[in-house]
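Q: Sharing run.cif here; it has mmCIF, C-alpha atoms.
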data_start
#
loop_
_atom_site.label_atom_id
_atom_site.label_comp_id
_atom_site.auth_asym_id
_atom_site.auth_seq_id
_atom_site.Cartn_x
_atom_site.Cartn_y
_atom_site.Cartn_z
CA MET A 1034 0.00 0.00 0.00
CA SER A 1035 2.75 2.46 0.85
CA ASP A 1036 4.25 1.99 -2.60
CA ALA A 1037 0.96 2.87 -4.25
CA HIS A 1038 0.82 6.04 -2.17
CA ALA A 1039 4.36 6.99 -2.96
CA ALA A 1040 3.77 6.55 -6.66
CA VAL A 1041 0.63 8.67 -6.75
CA GLU A 1042 1.21 11.27 -4.09
CA THR A 1043 4.80 12.18 -4.60
CA ALA A 1044 5.28 12.37 -8.32
CA GLY A 1045 7.49 15.36 -8.95
CA GLY A 1046 7.77 16.69 -5.39
CA PRO A 1047 8.28 15.81 -1.75
CA PRO A 1048 5.85 13.26 -0.30
CA ASP A 1049 2.44 14.79 0.38
CA TYR A 1050 2.10 15.79 4.05
CA PHE A 1051 -1.38 14.28 4.48
CA ALA A 1052 -0.58 11.03 2.65
CA VAL A 1053 2.44 10.64 4.95
CA LEU A 1054 0.21 11.37 7.94
CA VAL A 1055 -2.41 8.73 7.06
CA GLU A 1056 0.18 6.05 6.35
CA SER A 1057 2.00 6.92 9.60
CA LEU A 1058 -1.18 6.68 11.66
CA ARG A 1059 -1.87 3.28 10.14
CA GLU A 1060 1.64 1.96 10.76
CA LEU A 1061 1.80 3.35 14.31
CA LEU A 1062 -1.57 1.85 15.30
CA VAL A 1063 -0.61 -1.51 13.79
CA ALA A 1064 2.72 -1.44 15.68
CA LYS A 1065 0.81 -0.76 18.90
CA GLY A 1066 -1.56 -3.66 18.22
CA LEU A 1067 -4.57 -1.31 18.16
CA ILE A 1068 -5.61 -2.30 14.62
CA GLY A 1069 -4.77 -5.34 12.50
CA ALA A 1070 -2.05 -5.17 9.84
CA ASP A 1071 -4.51 -5.99 7.05
CA GLU A 1072 -7.61 -4.13 8.22
CA VAL A 1073 -7.24 -0.93 6.22
CA ARG A 1074 -6.54 -2.84 3.00
CA ALA A 1075 -9.58 -5.04 3.62
CA MET A 1076 -11.73 -1.96 4.28
CA ILE A 1077 -10.60 -0.42 0.99
CA GLU A 1078 -11.85 -3.57 -0.75
CA THR A 1079 -15.17 -3.24 1.05
CA LEU A 1080 -15.52 0.40 -0.02
CA ASP A 1081 -14.66 -0.54 -3.61
CA ALA A 1082 -17.43 -3.16 -3.58
CA HIS A 1083 -20.20 -0.65 -2.83
CA GLY A 1084 -21.78 1.69 -5.37
CA PRO A 1085 -25.13 2.91 -6.69
CA THR A 1086 -25.92 -0.39 -8.44
CA ILE A 1087 -26.77 -1.84 -5.02
CA GLY A 1088 -29.41 0.80 -4.32
CA ALA A 1089 -30.63 0.59 -7.92
CA GLY A 1090 -31.22 -3.15 -7.49
CA LEU A 1091 -33.45 -2.54 -4.47
CA VAL A 1092 -35.46 0.13 -6.32
CA ALA A 1093 -35.93 -2.02 -9.44
CA ARG A 1094 -37.13 -4.95 -7.37
CA ALA A 1095 -39.55 -2.69 -5.48
CA TRP A 1096 -40.95 -1.47 -8.84
CA ILE A 1097 -41.97 -5.00 -9.85
CA ASP A 1098 -42.75 -6.56 -6.45
CA PRO A 1099 -45.39 -4.72 -4.37
CA ASP A 1100 -44.77 -6.86 -1.26
CA PHE A 1101 -41.05 -6.13 -1.40
CA LYS A 1102 -41.78 -2.42 -1.85
CA ALA A 1103 -44.09 -2.41 1.16
CA ARG A 1104 -41.44 -4.07 3.31
CA LEU A 1105 -38.74 -1.70 2.03
CA LEU A 1106 -40.82 1.35 2.95
CA ASP A 1107 -41.73 -0.15 6.32
CA ASP A 1108 -38.27 -1.29 7.51
CA ALA A 1109 -35.50 -0.75 4.99
CA THR A 1110 -32.75 -1.80 7.39
CA ALA A 1111 -34.25 -5.27 7.80
CA VAL A 1112 -34.79 -5.66 4.05
CA VAL A 1113 -31.20 -4.61 3.28
CA GLU A 1114 -29.84 -7.17 5.71
CA GLN A 1115 -32.17 -9.93 4.43
CA SER A 1116 -31.13 -9.13 0.85
CA GLY A 1117 -27.57 -10.22 1.53
CA ILE A 1118 -26.15 -6.70 1.13
CA ASP A 1119 -23.05 -6.15 3.27
CA ASN A 1120 -24.24 -3.46 5.69
CA TYR A 1121 -20.62 -3.05 6.72
CA ASP A 1122 -21.07 -0.19 9.18
CA ASP A 1123 -24.49 -1.13 10.63
CA THR A 1124 -26.26 1.74 8.93
CA ARG A 1125 -29.98 2.31 9.64
CA PHE A 1126 -31.91 3.09 6.47
CA ILE A 1127 -35.14 4.86 5.60
CA VAL A 1128 -36.48 4.60 2.04
CA LEU A 1129 -38.57 7.55 0.78
CA GLU A 1130 -40.98 7.08 -2.10
CA GLN A 1131 -41.38 9.66 -4.86
CA THR A 1132 -45.04 9.99 -5.84
CA PRO A 1133 -47.03 12.28 -8.15
CA ARG A 1134 -47.79 14.37 -5.02
CA GLU A 1135 -44.49 14.35 -3.13
CA HIS A 1136 -40.86 14.87 -4.13
CA ASN A 1137 -38.16 13.90 -1.62
CA LEU A 1138 -34.69 15.41 -1.52
CA VAL A 1139 -31.85 14.37 0.81
CA VAL A 1140 -29.05 16.57 2.17
CA CYS A 1141 -26.72 16.58 5.17
CA THR A 1142 -26.23 20.17 6.31
CA LEU A 1143 -23.85 19.25 9.15
CA CYS A 1144 -21.42 16.94 7.36
CA SER A 1145 -21.87 14.39 4.57
CA CYS A 1146 -24.18 11.62 5.87
CA TYR A 1147 -25.07 9.32 2.98
CA PRO A 1148 -26.34 5.71 2.64
CA ARG A 1149 -22.85 4.44 1.79
CA PRO A 1150 -23.54 0.68 1.86
CA LEU A 1151 -26.26 1.26 -0.80
CA LEU A 1152 -24.75 4.09 -2.90
CA GLY A 1153 -21.00 4.02 -2.25
CA LEU A 1154 -19.23 7.25 -1.36
CA PRO A 1155 -20.98 10.57 -2.05
CA PRO A 1156 -20.03 12.85 -4.97
CA ASP A 1157 -18.09 16.02 -4.20
CA TRP A 1158 -21.04 18.33 -4.77
CA TYR A 1159 -23.02 16.52 -2.06
CA LYS A 1160 -20.25 17.32 0.44
CA ASN A 1161 -19.64 20.92 -0.65
CA ARG A 1162 -21.02 24.17 0.68
CA PRO A 1163 -23.42 25.25 -2.09
CA TYR A 1164 -25.55 22.09 -1.98
CA ARG A 1165 -25.46 21.76 1.82
CA SER A 1166 -26.36 25.37 2.50
CA ARG A 1167 -28.97 25.83 -0.22
CA ALA A 1168 -30.85 22.51 -0.42
CA VAL A 1169 -32.76 23.22 2.80
CA ARG A 1170 -33.52 26.86 2.03
CA GLU A 1171 -34.33 26.88 -1.69
CA PRO A 1172 -34.86 23.25 -2.73
CA ARG A 1173 -36.80 24.15 -5.87
CA ALA A 1174 -34.00 26.37 -7.15
CA VAL A 1175 -31.46 23.65 -6.38
CA LEU A 1176 -33.56 21.03 -8.18
CA ALA A 1177 -33.94 23.34 -11.17
CA GLU A 1178 -30.16 23.67 -11.37
CA PHE A 1179 -30.05 19.86 -11.60
CA GLY A 1180 -32.59 20.10 -14.44
CA THR A 1181 -35.48 18.85 -12.29
CA GLN A 1182 -38.65 20.95 -12.45
CA VAL A 1183 -41.13 20.15 -9.67
CA PRO A 1184 -44.64 21.61 -10.18
CA ASP A 1185 -45.98 23.83 -7.37
CA ASP A 1186 -48.76 21.37 -6.55
CA VAL A 1187 -46.18 18.72 -5.68
CA ARG A 1188 -44.98 18.98 -2.08
CA ILE A 1189 -41.23 19.04 -1.59
CA ARG A 1190 -39.97 17.14 1.43
CA VAL A 1191 -36.35 18.02 2.19
CA HIS A 1192 -34.71 15.53 4.54
CA ASP A 1193 -31.76 16.89 6.52
CA SER A 1194 -29.80 13.78 7.49
CA THR A 1195 -28.70 15.07 10.91
CA ALA A 1196 -28.33 11.95 13.05
CA ASN A 1197 -28.49 8.15 12.86
CA MET A 1198 -30.71 7.37 9.86
CA ARG A 1199 -29.55 7.31 6.24
CA TYR A 1200 -31.96 7.98 3.40
CA LEU A 1201 -32.48 6.37 0.02
CA VAL A 1202 -35.00 7.90 -2.37
CA MET A 1203 -37.08 5.53 -4.52
CA PRO A 1204 -37.74 7.36 -7.81
CA MET A 1205 -40.97 6.81 -9.74
CA ARG A 1206 -40.92 4.08 -12.36
CA PRO A 1207 -40.78 5.64 -15.83
CA ALA A 1208 -43.64 5.08 -18.25
CA GLY A 1209 -42.98 2.69 -21.12
CA THR A 1210 -41.19 0.08 -19.02
CA GLU A 1211 -44.08 -2.35 -18.61
CA GLY A 1212 -42.86 -5.93 -18.62
CA TRP A 1213 -39.19 -5.00 -18.34
CA PRO A 1214 -37.04 -7.42 -16.33
CA GLU A 1215 -35.51 -6.24 -13.07
CA HIS A 1216 -31.93 -5.92 -14.37
CA ARG A 1217 -33.05 -3.66 -17.23
CA LEU A 1218 -35.10 -1.49 -14.89
CA ALA A 1219 -32.13 -1.16 -12.56
CA GLU A 1220 -30.16 0.54 -15.33
CA LEU A 1221 -32.67 3.41 -15.26
CA VAL A 1222 -32.11 4.08 -11.55
CA THR A 1223 -29.33 6.65 -11.30
CA ARG A 1224 -27.43 7.67 -8.19
CA ASP A 1225 -28.82 11.21 -8.43
CA SER A 1226 -32.39 9.90 -8.60
CA MET A 1227 -31.76 8.05 -5.31
CA ILE A 1228 -30.55 11.30 -3.67
CA GLY A 1229 -33.65 13.02 -5.04
CA VAL A 1230 -32.00 15.66 -7.24
CA SER A 1231 -33.26 14.02 -10.42
CA THR A 1232 -35.73 11.46 -11.71
CA ALA A 1233 -35.04 7.99 -13.11
CA ARG A 1234 -33.85 7.74 -16.72
CA THR A 1235 -36.59 7.36 -19.29
CA PRO A 1236 -36.31 4.55 -21.85
CA MET B 438 -25.82 37.09 19.14
CA SER B 439 -22.48 38.86 19.19
CA GLU B 440 -20.06 38.17 16.38
CA LYS B 441 -17.76 36.34 18.80
CA SER B 442 -20.43 34.09 20.32
CA GLU B 443 -21.74 33.37 16.82
CA LEU B 444 -18.29 31.95 15.99
CA VAL B 445 -18.57 29.57 18.98
CA VAL B 446 -22.22 28.54 18.61
CA HIS B 447 -22.64 28.43 14.83
CA ARG B 448 -19.83 26.03 14.07
CA ALA B 449 -18.16 26.08 10.68
CA ASN B 450 -19.66 22.72 9.62
CA ASP B 451 -23.27 23.83 10.24
CA LEU B 452 -24.17 25.12 6.79
CA GLY B 453 -27.97 24.83 6.51
CA GLY B 454 -29.39 28.04 5.05
CA ARG B 455 -26.12 29.86 5.51
CA ALA B 456 -25.05 32.62 3.14
CA PRO B 457 -23.28 32.74 0.83
CA GLY B 458 -24.41 29.44 -0.64
CA GLY B 459 -22.80 30.12 -3.98
CA PRO B 460 -23.51 28.49 -7.32
CA LEU B 461 -24.07 24.74 -7.30
CA THR B 462 -21.28 22.64 -8.62
CA ARG B 463 -21.58 19.23 -10.18
CA ASP B 464 -18.04 18.21 -9.24
CA GLU B 465 -17.04 14.64 -8.84
CA HIS B 466 -13.77 12.81 -9.13
CA GLU B 467 -12.40 9.29 -8.81
CA MET B 468 -11.16 8.72 -5.28
CA THR B 469 -7.37 8.91 -5.06
CA PRO B 470 -5.41 6.18 -3.23
CA PHE B 471 -4.82 8.67 -0.38
CA GLU B 472 -8.54 9.40 -0.09
CA LYS B 473 -9.46 5.72 -0.07
CA ALA B 474 -6.80 4.91 2.50
CA CYS B 475 -7.96 7.79 4.69
CA HIS B 476 -11.62 6.80 4.45
CA ALA B 477 -10.80 3.16 5.17
CA LEU B 478 -8.56 4.08 8.12
CA LEU B 479 -11.30 6.16 9.73
CA ASN B 480 -13.80 3.31 9.26
CA VAL B 481 -11.37 0.95 10.98
CA LEU B 482 -10.83 3.46 13.80
CA ASP B 483 -14.61 3.57 14.30
CA VAL B 484 -14.91 -0.23 14.34
CA HIS B 485 -12.45 -0.33 17.23
CA LYS B 486 -13.91 2.79 18.88
CA LEU B 487 -10.46 4.37 18.82
CA VAL B 488 -11.99 7.37 17.04
CA ASN B 489 -15.74 6.90 16.66
CA THR B 490 -17.66 8.69 13.90
CA GLU B 491 -18.92 11.36 16.27
CA GLU B 492 -15.40 12.03 17.58
CA LYS B 493 -14.19 12.35 13.99
CA ARG B 494 -16.91 14.92 13.23
CA ARG B 495 -16.17 16.81 16.42
CA GLY B 496 -12.46 16.71 15.60
CA VAL B 497 -13.11 18.23 12.18
CA GLU B 498 -15.34 20.95 13.66
CA ASP B 499 -12.65 21.75 16.24
CA LEU B 500 -10.20 22.51 13.42
CA GLY B 501 -12.02 25.81 12.99
CA GLY B 502 -13.17 27.74 9.96
CA GLN B 503 -9.78 28.61 8.50
CA ILE B 504 -8.44 25.04 8.38
CA ILE B 505 -11.83 23.64 7.34
CA GLY B 506 -11.88 26.14 4.49
CA SER B 507 -8.33 25.40 3.32
CA LEU B 508 -7.90 21.63 3.62
CA THR B 509 -9.63 19.07 1.44
CA TYR B 510 -12.30 16.78 2.88
CA TYR B 511 -9.97 13.88 3.63
CA GLU B 512 -7.08 16.09 4.71
CA ARG B 513 -9.43 17.34 7.44
CA TRP B 514 -10.26 13.76 8.45
CA ALA B 515 -6.55 12.87 8.71
CA VAL B 516 -5.72 15.82 10.96
CA ALA B 517 -8.84 15.37 13.10
CA ALA B 518 -8.08 11.65 13.63
CA SER B 519 -4.50 12.47 14.62
CA GLN B 520 -5.62 15.03 17.18
CA VAL B 521 -8.30 12.81 18.71
CA LEU B 522 -5.85 9.88 19.02
CA ILE B 523 -3.30 12.16 20.71
CA GLU B 524 -5.91 13.72 22.99
CA LYS B 525 -7.03 10.23 24.14
CA GLY B 526 -3.46 9.20 24.91
CA LEU B 527 -3.56 6.38 22.34
CA ILE B 528 -0.55 7.81 20.54
CA THR B 529 1.82 10.65 21.32
CA THR B 530 2.86 13.54 19.12
CA GLU B 531 6.44 12.35 19.47
CA GLU B 532 5.67 8.81 18.23
CA LEU B 533 3.65 10.15 15.34
CA GLY B 534 6.40 12.58 14.38
CA GLU B 535 9.00 9.81 14.38
CA THR B 536 6.79 7.55 12.26
CA MET B 537 6.15 10.38 9.80
CA ALA B 538 9.88 10.96 9.43
CA LEU B 539 10.41 7.24 8.73
CA VAL B 540 7.60 7.05 6.18
CA ARG B 541 8.73 10.23 4.46
CA ARG B 542 12.31 8.92 4.20
CA ARG B 543 11.14 5.54 2.87
CA TRP B 544 8.88 7.09 0.24
CA THR B 545 11.63 9.50 -0.83
CA ASP B 546 14.24 6.72 -1.08
CA ASP B 547 11.83 4.52 -3.04
CA ARG B 548 11.82 6.96 -5.94
CA MET C 1016 -37.40 4.24 28.22
CA SER C 1017 -40.70 4.89 26.52
CA ALA C 1018 -40.87 7.79 24.09
CA ARG C 1019 -41.93 11.13 25.58
CA PHE C 1020 -43.54 12.33 22.35
CA GLY C 1021 -45.87 10.58 19.89
CA VAL C 1022 -46.50 10.93 16.16
CA GLY C 1023 -48.33 14.16 15.35
CA GLU C 1024 -47.43 15.91 18.60
CA ARG C 1025 -46.28 19.52 18.35
CA VAL C 1026 -42.79 20.19 19.60
CA ARG C 1027 -40.50 23.17 19.79
CA ILE C 1028 -36.80 22.73 19.19
CA ALA C 1029 -34.79 24.18 22.06
CA VAL C 1030 -32.62 27.25 21.69
CA ARG C 1031 -29.23 26.38 23.17
CA ASP C 1032 -25.88 28.04 22.79
CA ALA C 1033 -23.35 26.09 24.87
CA PRO C 1034 -20.01 25.39 23.22
CA GLY C 1035 -19.43 21.82 22.05
CA HIS C 1036 -20.45 19.31 19.40
CA VAL C 1037 -24.20 18.99 18.76
CA ARG C 1038 -26.32 17.54 15.94
CA THR C 1039 -29.13 20.09 16.00
CA PRO C 1040 -28.53 22.65 13.24
CA VAL C 1041 -28.79 26.33 14.19
CA TYR C 1042 -31.40 27.03 11.51
CA VAL C 1043 -34.11 24.93 13.22
CA ARG C 1044 -33.54 26.05 16.82
CA GLY C 1045 -36.58 27.76 18.34
CA HIS C 1046 -38.90 26.52 15.57
CA VAL C 1047 -42.02 24.42 15.99
CA GLY C 1048 -42.79 21.20 14.15
CA VAL C 1049 -44.66 17.92 14.51
CA ILE C 1050 -43.30 14.47 15.23
CA GLU C 1051 -43.26 12.63 11.88
CA ARG C 1052 -41.90 9.36 13.24
CA VAL C 1053 -40.54 7.96 16.49
CA LEU C 1054 -37.13 6.31 16.03
CA PRO C 1055 -35.12 4.03 18.36
CA GLU C 1056 -32.75 5.26 21.05
CA PHE C 1057 -29.13 5.99 20.17
CA LEU C 1058 -26.03 7.12 22.03
CA ASN C 1059 -26.11 10.82 22.83
CA PRO C 1060 -23.82 12.29 20.16
CA GLU C 1061 -22.93 15.21 22.43
CA GLN C 1062 -21.12 12.75 24.72
CA GLU C 1063 -20.12 10.21 22.08
CA ALA C 1064 -18.18 13.03 20.39
CA TYR C 1065 -15.93 13.12 23.45
CA GLY C 1066 -15.41 9.35 23.62
CA VAL C 1067 -18.39 8.13 25.70
CA ASN C 1068 -19.32 4.92 23.85
CA SER C 1069 -22.05 3.47 26.10
CA GLY C 1070 -24.75 4.24 28.64
CA THR C 1071 -26.09 7.49 27.18
CA ASP C 1072 -29.01 6.24 25.06
CA VAL C 1073 -31.50 8.92 24.11
CA ARG C 1074 -34.68 8.75 21.99
CA LEU C 1075 -34.51 10.07 18.45
CA TYR C 1076 -37.43 11.53 16.48
CA ARG C 1077 -38.08 12.79 12.99
CA VAL C 1078 -39.60 16.27 13.15
CA ARG C 1079 -41.42 17.91 10.23
CA MET C 1080 -41.75 21.66 9.91
CA PRO C 1081 -43.20 23.97 7.26
CA GLN C 1082 -40.53 25.55 5.09
CA ALA C 1083 -42.42 28.83 5.04
CA ALA C 1084 -41.98 29.12 8.83
CA LEU C 1085 -38.24 28.41 8.71
CA TRP C 1086 -37.39 30.96 6.03
CA PRO C 1087 -39.27 34.27 5.97
CA ASP C 1088 -38.41 34.72 2.30
CA TYR C 1089 -39.19 31.12 1.26
CA GLY C 1090 -39.99 31.09 -2.41
CA GLY C 1091 -41.40 27.56 -2.83
CA ALA C 1092 -44.91 26.14 -2.42
CA PRO C 1093 -46.86 26.60 0.85
CA ASP C 1094 -47.02 22.84 1.50
CA ASP C 1095 -43.25 22.29 1.28
CA VAL C 1096 -41.70 20.82 4.41
CA LEU C 1097 -38.33 20.19 6.02
CA GLU C 1098 -37.79 17.00 7.99
CA LEU C 1099 -34.87 16.17 10.24
CA GLU C 1100 -33.82 13.96 13.13
CA VAL C 1101 -33.77 15.54 16.60
CA TYR C 1102 -32.86 13.93 19.93
CA GLU C 1103 -35.43 14.04 22.75
CA HIS C 1104 -33.45 16.38 25.00
CA TRP C 1105 -33.71 19.10 22.35
CA LEU C 1106 -37.53 18.91 22.21
CA GLU C 1107 -40.12 20.76 24.33
CA PRO C 1108 -43.91 20.45 24.07
CA ALA C 1109 -45.41 23.24 21.93
CA ASP C 1110 -49.07 24.13 22.29
CA GLU C 1111 -49.50 26.69 19.58
CA ASP C 1112 -49.65 25.97 15.88
CA PRO C 1113 -46.38 25.69 14.05
CA ARG C 1114 -45.34 29.14 12.93
#
If you convert what's in this file into structure tokens, what do you get?

A:
Amino acid sequence: MSDAHAAVETAGGPPDYFAVLVESLRELLVAKGLIGADEVRAMIETLDAHGPTIGAGLVARAWIDPDFKARLLDDATAVVEQSGIDNYDDTRFIVLEQTPREHNLVVCTLCSCYPRPLLGLPPDWYKNRPYRSRAVREPRAVLAEFGTQVPDDVRIRVHDSTANMRYLVMPMRPAGTEGWPEHRLAELVTRDSMIGVSTARTP
Amino acid sequence: MSEKSELVVHRANDLGGRAPGGPLTRDEHEMTPFEKACHALLNVLDVHKLVNTEEKRRGVEDLGGQIIGSLTYYERWAVAASQVLIEKGLITTEELGETMALVRRRWTDDR
Amino acid sequence: MSARFGVGERVRIAVRDAPGHVRTPVYVRGHVGVIERVLPEFLNPEQEAYGVNSGTDVRLYRVRMPQAALWPDYGGAPDDVLELEVYEHWLEPADEDPR
């Protein structure tokens, strides 16, 4: 691992201060027996294994299986764990359903809370000041900047992810997908549609 | 609220509704090896309750507005984790400094 | 511990200004909302942030409040709402209608 760092972080200059710091913390804690020698590498593999396709799979299944959808909306944490998804940090989930009357939008104004086991790591814009400061105050303007127009007779529910729950938005199933198999539907479910800043792709 | 108490109470991480919001960006980038290693390290520290997630957040907030504004996301995590580990007596500044010197020398020699 | 508040109850979010790490954003303090959902108990983050990893369980709620009450210049629709998680020790009963 240290070689990989050295190659990337130090090309053309002295080793990067923060890369040195992280590697030093790891080595020092391993030397003290506080963490295992292989734990950070194994955790990197876990992080690499999680991305939006996991959340998209849940949404697509909910679109074609009403019982599954009902259970997902009722207790998403239990469904995630029964689905064999590695809930590697014991996250508690809430799934929010987009409907013709309600549009859900998720933000974390205090840091960058995000349903990582289902979506992977959040994009930069989700963690940066403009989205975090504005999504709670002017959600319709923020959505418009993402190209999402929400009519005034649709209620916007902004969810500020301030504590222990993590939120996954279930977008509406696009028209013209009747009879599609689950794997094809899943390809329509984008990361952004599961944050609530956009809708699912249309076929 | 006075300007000084506002600095204490309205911590730099608490951004909801705060001006200036600025134009939205659509930035994203592939995680660098440093970022992945930093994220993974902090997850491992939480598993062992050496630095739990809440301590990490508090550590970042305690860096203050200037450092929060200047460092990248994972640079902030790395410094916050270091300070919390030192504060809890799990490592010392001296040990960390010596390890950093060793790592820096090794990475420089490797090139 | 049973939950102090039930779904639909009106609550006011406390106004507090002590130094330290908290998970109640400044922009909702002093505002009134209704309990949207009662959640389990979790460690109190205000102590967990300083290394207390057990014995501080506190009830968590989801609180819903009208956007128009939070932001005097809110430009969206009148029905728009903000929902967030708030720990029980930040909540007080509120008799009057949400502002």

Q: Might you spell out which residues the PyMOL selection byres ((chain A) within 7 of (chain C)) would select in the displayed file, as a PyMOL selection string?

A: chain A and resi 1170+1173+1185+1188-1196

Q: Go ahead and write the residues just picked, C-alpha atoms, as a PDB file, in the coordinates of the input.

A:
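Listing of part25.pdb after writing:
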ATOM      1  CA  ARG A1170     -33.520  26.860   2.030  1.00  0.00           C
ATOM      2  CA  ARG A1173     -36.800  24.150  -5.870  1.00  0.00           C
ATOM      3  CA  ASP A1185     -45.980  23.830  -7.370  1.00  0.00           C
ATOM      4  CA  ARG A1188     -44.980  18.980  -2.080  1.00  0.00           C
ATOM      5  CA  ILE A1189     -41.230  19.040  -1.590  1.00  0.00           C
ATOM      6  CA  ARG A1190     -39.970  17.140   1.430  1.00  0.00           C
ATOM      7  CA  VAL A1191     -36.350  18.020   2.190  1.00  0.00           C
ATOM      8  CA  HIS A1192     -34.710  15.530   4.540  1.00  0.00           C
ATOM      9  CA  ASP A1193     -31.760  16.890   6.520  1.00  0.00           C
ATOM     10  CA  SER A1194     -29.800  13.780   7.490  1.00  0.00           C
ATOM     11  CA  THR A1195     -28.700  15.070  10.910  1.00  0.00           C
ATOM     12  CA  ALA A1196     -28.330  11.950  13.050  1.00  0.00           C
TER      13      ALA A1196
END

Q: Counting all atoms listed in the file, which of C:Arg1052, C:His1036, C:Arg1074, C:His1104 gets nearest to chain B?

A: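 Ranked by minimum distance to chain B, first place goes to C:His1036.
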
Q: Using only C-alpha atoms, which chain B residues lie at most 7 Å away from chain A, written as a PyMOL selection string?

A: chain B and resi 450-455+458-465+470-471+473-475+477-478+481+512+515+533+536-537+540-541+544-545

Q: Would you tabulate, counting all atoms listed in the file, all residues of chain B that have an atom at most 10 Å from an atom of chain C, showing the closest pair of atoms and their distance in Å to one decimal, sorted by chain then ascending number, as a Markdown table?

A:
| residue | atom | partner | partner_atom | distance |
| --- | --- | --- | --- | --- |
| B:Met438 | CA | C:Asp1032 | CA | 9.8 |
| B:Ser442 | CA | C:Asp1032 | CA | 8.5 |
| B:Glu443 | CA | C:Asp1032 | CA | 9.0 |
| B:Leu444 | CA | C:Pro1034 | CA | 9.9 |
| B:Val445 | CA | C:Pro1034 | CA | 6.1 |
| B:Val446 | CA | C:Asp1032 | CA | 5.6 |
| B:His447 | CA | C:Val1041 | CA | 6.5 |
| B:Arg448 | CA | C:His1036 | CA | 8.6 |
| B:Asn450 | CA | C:Pro1040 | CA | 9.6 |
| B:Asp451 | CA | C:Pro1040 | CA | 6.2 |
| B:Leu452 | CA | C:Pro1040 | CA | 8.2 |
| B:Gly453 | CA | C:Tyr1042 | CA | 6.5 |
| B:Gly454 | CA | C:Tyr1042 | CA | 6.8 |
| B:Arg455 | CA | C:Tyr1042 | CA | 8.5 |
| B:Lys486 | CA | C:Asn1068 | CA | 7.6 |
| B:Leu487 | CA | C:Gly1066 | CA | 8.5 |
| B:Val488 | CA | C:Gly1066 | CA | 7.7 |
| B:Asn489 | CA | C:Gly1066 | CA | 7.4 |
| B:Thr490 | CA | C:Ala1064 | CA | 7.8 |
| B:Glu491 | CA | C:Ala1064 | CA | 4.5 |
| B:Glu492 | CA | C:Ala1064 | CA | 4.1 |
| B:Lys493 | CA | C:Ala1064 | CA | 7.6 |
| B:Arg494 | CA | C:Ala1064 | CA | 7.5 |
| B:Arg495 | CA | C:His1036 | CA | 5.8 |
| B:Gly496 | CA | C:Ala1064 | CA | 8.3 |
| B:Glu498 | CA | C:His1036 | CA | 7.9 |
| B:Asp499 | CA | C:His1036 | CA | 8.8 |
| B:Val521 | CA | C:Tyr1065 | CA | 9.0 |
| B:Lys525 | CA | C:Gly1066 | CA | 8.4 |

Q: Between C:Ala1084, C:Gly1021, C:Met1016, C:Glu1103, which one has atoms that come closest to C:Gly1045, using all atoms listed in the file?

A: C:Ala1084

Q: Which one is closest to A:Ile1097: A:Leu1129, A:Met1205, A:Leu1151, A:Ala1233? Count all atoms listed in the file.

A: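 Smallest separation from A:Ile1097 among the options: A:Met1205.
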
Q: Go through A:Ile1118, A:Val1128, A:Ala1109, A:Ala1095 and flag the residue nearest A:Ile1228, using all atoms listed in the file for the distances.

A: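 Closest to A:Ile1228 of all the choices is A:Val1128.
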
Q: Using all atoms listed in the file, list the residues that have an atom at most 7 Å from (-42.0, 15.4, 22.7), coordinates as in the file, as a list in words.

A: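 Residues with an atom close enough to that point: Arg1019, Phe1020, Gly1021, Glu1024, Val1026, Glu1103, Leu1106, Glu1107 and Pro1108 of chain C.
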
Q: Any chance you could work out the axis-aligned box around stretch 1024-1030 of chain C, listed atoms only, 4 Å on each side, giving centre and edge lengths in Å to one decimal, as AutoDock Vina command-line options?

A:
--center_x -40.0 --center_y 21.6 --center_z 20.2 --size_x 22.8 --size_y 19.3 --size_z 11.7

Q: Tell me which of A:Leu1105, A:Val1092, A:Val1187, A:Val1222 sits closest to A:Pro1133, counting all atoms listed in the file.

A: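 Residue with the minimum atom-to-atom distance to A:Pro1133: A:Val1187.
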
Q: So how many Å separate atom CA of A:Tyr1200 and atom CA of B:Gly502, to one decimal?

A: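 Computed distance, atom CA of A:Tyr1200 to atom CA of B:Gly502, equals 28.0 Å.
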
Q: So which residues get picked by the PyMOL selection byres ((chain A and resi 1204) around 7) here, written as an MDAnalysis selection string?

A: chainID A and resid 1130:1131 1202:1203 1205:1206 1226:1227 1232:1233

Q: Please produce a file of the residues just selected, as a short mmCIF file (atom, residue, chain, number, x, y, z; two decimals), keeping the file's coordinate frame, where the atoms kept are C-alpha atoms.

A:
data_model
loop_
_atom_site.label_atom_id
_atom_site.label_comp_id
_atom_site.auth_asym_id
_atom_site.auth_seq_id
_atom_site.Cartn_x
_atom_site.Cartn_y
_atom_site.Cartn_z
CA GLU A 1130 -40.98 7.08 -2.10
CA GLN A 1131 -41.38 9.66 -4.86
CA VAL A 1202 -35.00 7.90 -2.37
CA MET A 1203 -37.08 5.53 -4.52
CA MET A 1205 -40.97 6.81 -9.74
CA ARG A 1206 -40.92 4.08 -12.36
CA SER A 1226 -32.39 9.90 -8.60
CA MET A 1227 -31.76 8.05 -5.31
CA THR A 1232 -35.73 11.46 -11.71
CA ALA A 1233 -35.04 7.99 -13.11
#

Q: Name the closest residue to A:Phe1126 among the candidates A:Asn1197, A:Thr1235, A:Thr1223, A:Gln1182; distances are taken between atoms, counting only C-alpha atoms.

A: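 Nearest to A:Phe1126: A:Asn1197.
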
Q: Quick one, how far is atom CA of A:Met1198 from atom CA of A:Val1139?

A: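 If I compute the distance from atom CA of A:Met1198 to atom CA of A:Val1139, I get 11.5 Å.
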